[in-house]
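J.: One structure is given below, represented as structure tokens, and several questions about it will come after.
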Amino acid sequence: MPERIVIALGGNALQDQDSPPTAEAQLEVVKKTCAHIAEISRRGYEMAVVHGNGPQVGRIVLAGEAARDVVPPMPFDVCGAMSQGYIGYHIQQALKYALSSRGRNYPVVTLATQVVVDRSDPAFANPTKPIGPFYSRQEALRLEEDKGYIMREDAGRGWRRVVASPMPRRIVEIPAVRLLWDHAVVIACGGGGIPVVENPDGTLEGVAAVVDKDFAAELLAEEVGADALLILTGVEKVAIRFGTPEQQDLDHLNLAEAARYLKEGHFGVGSMLPKVEAAMKFVRANPDKRAIITSLDRCLDALDCKTGTVVTFA
């Protein structure tokens with residue numbers, strides 16, 4: 001039986017920081033990303049793909065604010081849905097071509113996905129999820145004063161707006177993902193999913209937040225019975241003392257080691273921390289399975305246990 005994996009794509013898989021933040025530039029990066037994903041499929045893996053949307057949803061919000069005198073700005077949850085659509089469209093287009101060129105005439109479909117969060121999640125009182133572009137400290141202070149944004153420094157790369165990032169509790173469209181699994185590569189939980197809360201009458205209501213895509217991918221992996229969670233980011237391995245002369249790259253992490261490094265504060269809130277925590281959550285729920293954190297260009301080698309950081313229960 002083919003091995004099932006859920007792939008979580010980091011921001012570098014969608015955009016190049018040295019390229020302009022345009023749809024055309026994004027598509028060119030996505031084409032390169034999808035070549036790697038198609039190679040994973042060619043090796044016989046079954047998969048679903050989850051992607052982030054931090055920069056994209058931030059720009060959609062900025063565009064709405066800039067044009068507010070002409071058209072009403074869209075609510076934040078609607079902006080998240082818009083980002084799901086256009087990023088998914090780019091991945092569909094590029095991945096379908098990459099698969100076909102490798103002799104795999106396989107459908108690729110994007111599913112607009114809602115993720116239920118808890119209205120009382122403490123994350124709403126402590127926003128941490130970066131969205132939109134990077135700013136200098138002076139620009140960030142001006143945005144805080146002019147627009148009331150919450151701005152935080154992001155892993156030494158500059159300042160970004162942060163919004164609430166509640167934990168995903170339930171994927172509303174998971175029955176559809178399961179139905180599609182045997183017939184298509186499914187792009188689901190884009191941007192972590194559209195965050196919604198459930199009202200007492202059972203209706204769903206969108207909220208202003210961004211669910212972390214790594215946690216959404218972890219939940220999806222649990223729900224589809226995936227054999228592995230593959231988290232792709234900008235570095236080949238998880239490291240402790242990152243960016244210092246004492247940096248140590250890690251080939252393997254078990255839960256006890258990961259918990260110790262978390263307590264010691266080795267992983268950045270806006271970067272590696274959610275990836276490690278999502279990997280831990282997956283193997284805690286599935287002690288006989290593995291999570292892998294690595295870079296996009298080394299994903300095949302990581303699946304072959306040649307590189308990356310493998311997270312296991314013990």
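All residue names refer to the structure tokens as shown: chains lettered A, B, ... in order, residues numbered from 1 in each chain, ligands numbered from 1 in order.
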Can you pull out the residues contacting Ile292 (chain A)? Cut-off 7 Å, using only C-alpha atoms, and skip same-chain residues under 2 positions away; I want them as a PyMOL selection string.
T.: chain A and resi 229-231+290+294+308-311
J.: Can I get the selected residues back with C-alpha atoms, as a compact mmCIF listing (two decimals), in the first residue's frame?
T.:
```txt
# COMPACT_ATOMS: atom_id res chain seq x y z
CA LEU A 229 4.09 14.61 8.12
CA LEU A 230 6.61 16.40 5.89
CA ILE A 231 7.20 20.04 6.88
CA ARG A 290 7.41 10.10 11.89
CA THR A 294 13.68 19.87 6.01
CA GLY A 308 16.51 16.60 7.38
CA THR A 309 15.46 16.36 11.01
CA VAL A 310 13.34 13.30 11.76
CA VAL A 311 11.03 13.64 14.76
```
J.: Give me the residues near Val276 (chain A) as a VMD selection string, where near means some atom within 12 Å (using only C-alpha atoms) and where sequence neighbours in that chain fewer than 2 positions away do not count.
T.: chain A and resid 214 to 215 218 229 to 233 237 to 240 250 252 to 255 257 to 262 265 to 274 278 to 283 291 to 294 309 to 312
J.: Hey, could you make a per-residue contact list for region 181-267 of chain A against region 21-45 of chain A with 12 Å as the cut-off, showing the nearest pair of atoms and its distance in Å to one decimal, counting only C-alpha atoms, sorted by chain and number, as CSV?
T.:
```
residue,atom,partner,partner_atom,distance
A:Trp181,CA,A:Tyr45,CA,11.9
A:Asp182,CA,A:Tyr45,CA,11.6
A:Ala184,CA,A:Ser41,CA,11.2
A:Val185,CA,A:Ser41,CA,9.1
A:Ile187,CA,A:Ile37,CA,11.9
A:Ala226,CA,A:Tyr45,CA,10.6
A:Asp227,CA,A:Tyr45,CA,10.1
A:Ala228,CA,A:Tyr45,CA,10.5
A:Leu230,CA,A:Ile40,CA,11.1
A:Leu232,CA,A:Thr33,CA,10.5
A:Thr233,CA,A:Thr33,CA,11.6
```
J.: Which of these residues is nearest to Pro166 (chain A), using only C-alpha atoms: A:Val207, A:Ala123, A:Leu180, A:Leu141?
T.: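 Once distances to Pro166 (chain A) are computed over only C-alpha atoms, the minimum belongs to A:Ala123.
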J.: Apply DSSP to the backbone of this structure and, from region 26-147 of chain A, keep only the residues in strand (DSSP E); write these as a list in words.
T.: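 Of region 26-147 of chain A, only Glu46, Met47, Ala48, Val49, Val50, His51, Val108, Val109, Thr110, Gln114, Val115, Val116, Lys129, Pro130, Ile131, Gly132, Pro133, Phe134 and Tyr135 of chain A fall in strand (DSSP E).
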J.: Given the selection you just returned, output its residues as a file containing N, CA and C atoms, formatted as a JSON list (two decimals), in the first residue's frame.
T.:
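This is the output file again.json:
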```json
[["chain", "number", "residue", "atom", "x", "y", "z"],
["A", 46, "GLU", "N", 1.27, 8.80, -1.86],
["A", 46, "GLU", "CA", 0.00, 9.52, -1.94],
["A", 46, "GLU", "C", 0.12, 10.74, -1.04],
["A", 47, "MET", "N", -0.51, 11.85, -1.44],
["A", 47, "MET", "CA", -0.24, 13.07, -0.69],
["A", 47, "MET", "C", -1.39, 14.05, -0.72],
["A", 48, "ALA", "N", -1.39, 14.91, 0.28],
["A", 48, "ALA", "CA", -2.15, 16.14, 0.29],
["A", 48, "ALA", "C", -1.16, 17.27, 0.56],
["A", 49, "VAL", "N", -1.50, 18.46, 0.11],
["A", 49, "VAL", "CA", -0.59, 19.61, 0.23],
["A", 49, "VAL", "C", -1.28, 20.73, 1.02],
["A", 50, "VAL", "N", -0.55, 21.26, 1.99],
["A", 50, "VAL", "CA", -1.00, 22.41, 2.77],
["A", 50, "VAL", "C", 0.02, 23.52, 2.56],
["A", 51, "HIS", "N", -0.44, 24.74, 2.41],
["A", 51, "HIS", "CA", 0.49, 25.86, 2.20],
["A", 51, "HIS", "C", 0.19, 27.00, 3.16],
["A", 108, "VAL", "N", -5.45, 17.38, -9.85],
["A", 108, "VAL", "CA", -5.04, 18.19, -8.70],
["A", 108, "VAL", "C", -6.19, 19.15, -8.41],
["A", 109, "VAL", "N", -6.63, 19.19, -7.17],
["A", 109, "VAL", "CA", -7.79, 20.01, -6.84],
["A", 109, "VAL", "C", -7.54, 20.80, -5.56],
["A", 110, "THR", "N", -7.99, 22.06, -5.57],
["A", 110, "THR", "CA", -7.94, 22.89, -4.38],
["A", 110, "THR", "C", -9.30, 22.89, -3.70],
["A", 114, "GLN", "N", -12.42, 25.22, 5.68],
["A", 114, "GLN", "CA", -12.65, 25.93, 6.92],
["A", 114, "GLN", "C", -12.12, 25.10, 8.09],
["A", 115, "VAL", "N", -11.55, 25.80, 9.05],
["A", 115, "VAL", "CA", -11.01, 25.13, 10.24],
["A", 115, "VAL", "C", -11.64, 25.76, 11.47],
["A", 116, "VAL", "N", -12.27, 24.93, 12.28],
["A", 116, "VAL", "CA", -12.93, 25.42, 13.48],
["A", 116, "VAL", "C", -11.89, 25.70, 14.56],
["A", 129, "LYS", "N", 1.07, 35.54, 15.07],
["A", 129, "LYS", "CA", 1.27, 35.05, 13.70],
["A", 129, "LYS", "C", 1.64, 36.19, 12.75],
["A", 130, "PRO", "N", 2.86, 36.13, 12.16],
["A", 130, "PRO", "CA", 3.27, 37.22, 11.25],
["A", 130, "PRO", "C", 2.51, 37.14, 9.93],
["A", 131, "ILE", "N", 2.07, 38.30, 9.43],
["A", 131, "ILE", "CA", 1.47, 38.38, 8.11],
["A", 131, "ILE", "C", 2.04, 39.59, 7.39],
["A", 132, "GLY", "N", 1.95, 39.56, 6.06],
["A", 132, "GLY", "CA", 2.36, 40.71, 5.28],
["A", 132, "GLY", "C", 3.87, 40.87, 5.17],
["A", 133, "PRO", "N", 4.31, 42.02, 4.64],
["A", 133, "PRO", "CA", 5.74, 42.24, 4.37],
["A", 133, "PRO", "C", 6.52, 42.57, 5.63],
["A", 134, "PHE", "N", 7.85, 42.63, 5.47],
["A", 134, "PHE", "CA", 8.74, 43.04, 6.54],
["A", 134, "PHE", "C", 8.90, 44.57, 6.53],
["A", 135, "TYR", "N", 9.06, 45.13, 7.72],
["A", 135, "TYR", "CA", 9.25, 46.58, 7.86],
["A", 135, "TYR", "C", 10.46, 46.85, 8.73]]
```
J.: Determine the nearest neighbour of Val210 (chain A) from the options A:Gly54, A:Glu246, A:Phe313, A:Ala63, counting only C-alpha atoms.
T.: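 That would be A:Gly54, the residue with the smallest distance to Val210 (chain A).
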J.: Neighbours of Glu223 (chain A) within 10 Å (only C-alpha atoms; same-chain residues fewer than 4 positions away dropped), as a list in words?
T.: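 Final neighbour list, sorted by chain and number: Arg170, Ile171, Ile174, Pro175, Val177, Arg178, Ala217, Glu218 and Leu219 of chain A.
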J.: Give me the residues near Arg152 (chain A) as number ranges by chain, where near means some atom within 7 Å (using only C-alpha atoms) and where sequence neighbours in that chain fewer than 4 positions away do not count.
T.: A: 159-162
J.: Take the residues from that selection and write them out as a JSON list (two decimals), in the first residue's frame, keeping N, CA and C atoms.
T.:
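File part06.json, as written:
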```json
[["chain", "number", "residue", "atom", "x", "y", "z"],
["A", 159, "TRP", "N", 10.50, 43.64, 11.00],
["A", 159, "TRP", "CA", 9.28, 43.73, 11.79],
["A", 159, "TRP", "C", 8.07, 43.43, 10.90],
["A", 160, "ARG", "N", 7.10, 42.70, 11.47],
["A", 160, "ARG", "CA", 5.89, 42.35, 10.72],
["A", 160, "ARG", "C", 4.65, 42.52, 11.62],
["A", 161, "ARG", "N", 3.54, 42.71, 10.96],
["A", 161, "ARG", "CA", 2.27, 42.72, 11.69],
["A", 161, "ARG", "C", 1.97, 41.31, 12.17],
["A", 162, "VAL", "N", 1.42, 41.18, 13.38],
["A", 162, "VAL", "CA", 1.03, 39.88, 13.89],
["A", 162, "VAL", "C", -0.47, 39.88, 14.21]]
```
J.: Measuring atom to atom with only C-alpha atoms, identify which of A:Gly88, A:Val163, A:Val117, A:Leu14 is nearest to Leu204 (chain A).
T.: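 Counting only C-alpha atoms, the residue closest to Leu204 (chain A) is A:Val117.
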J.: For Pro75 (chain A), list every protein, DNA or RNA residue within 12 Å, evaluated using only C-alpha atoms, and leave out those in the same chain fewer than 6 positions away; present the list as a list in words.
T.: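 The neighbour list is Val57, Ile60, Val61, Leu62, Gly64, Glu65, Ala81, Met82, Ile194, Pro195, Glu205, Gly206, Val207, Ala208 and Ala209 of chain A.
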J.: Using only C-alpha atoms, determine which residues lie at most 8 Å from Gly193 (chain A), disregarding the query and same-chain residues fewer than 3 positions distant; provide the list as a list in words.
T.: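 Near neighbours after the sequence-gap exclusion: Gly80, Gln84, Ala112, Thr113, Gln114, Val115, Ala188, Cys189, Gly190, Val210, Val211, Lys213 and Ala216 of chain A.
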J.: I need the alpha helix (DSSP H) residues of region 77-282 of chain A per DSSP on the backbone, written as a VMD selection string.
T.: chain A and resid 77 to 100 137 to 147 174 to 181 213 to 223 255 to 263 273 to 282
J.: Can you work out which one of A:Leu99, A:Glu222, A:Arg68, A:Pro20 has the shortest atom-to-atom distance to Pro287 (chain A), counting only C-alpha atoms?
T.: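 Smallest distance to Pro287 (chain A) is found for A:Glu222.
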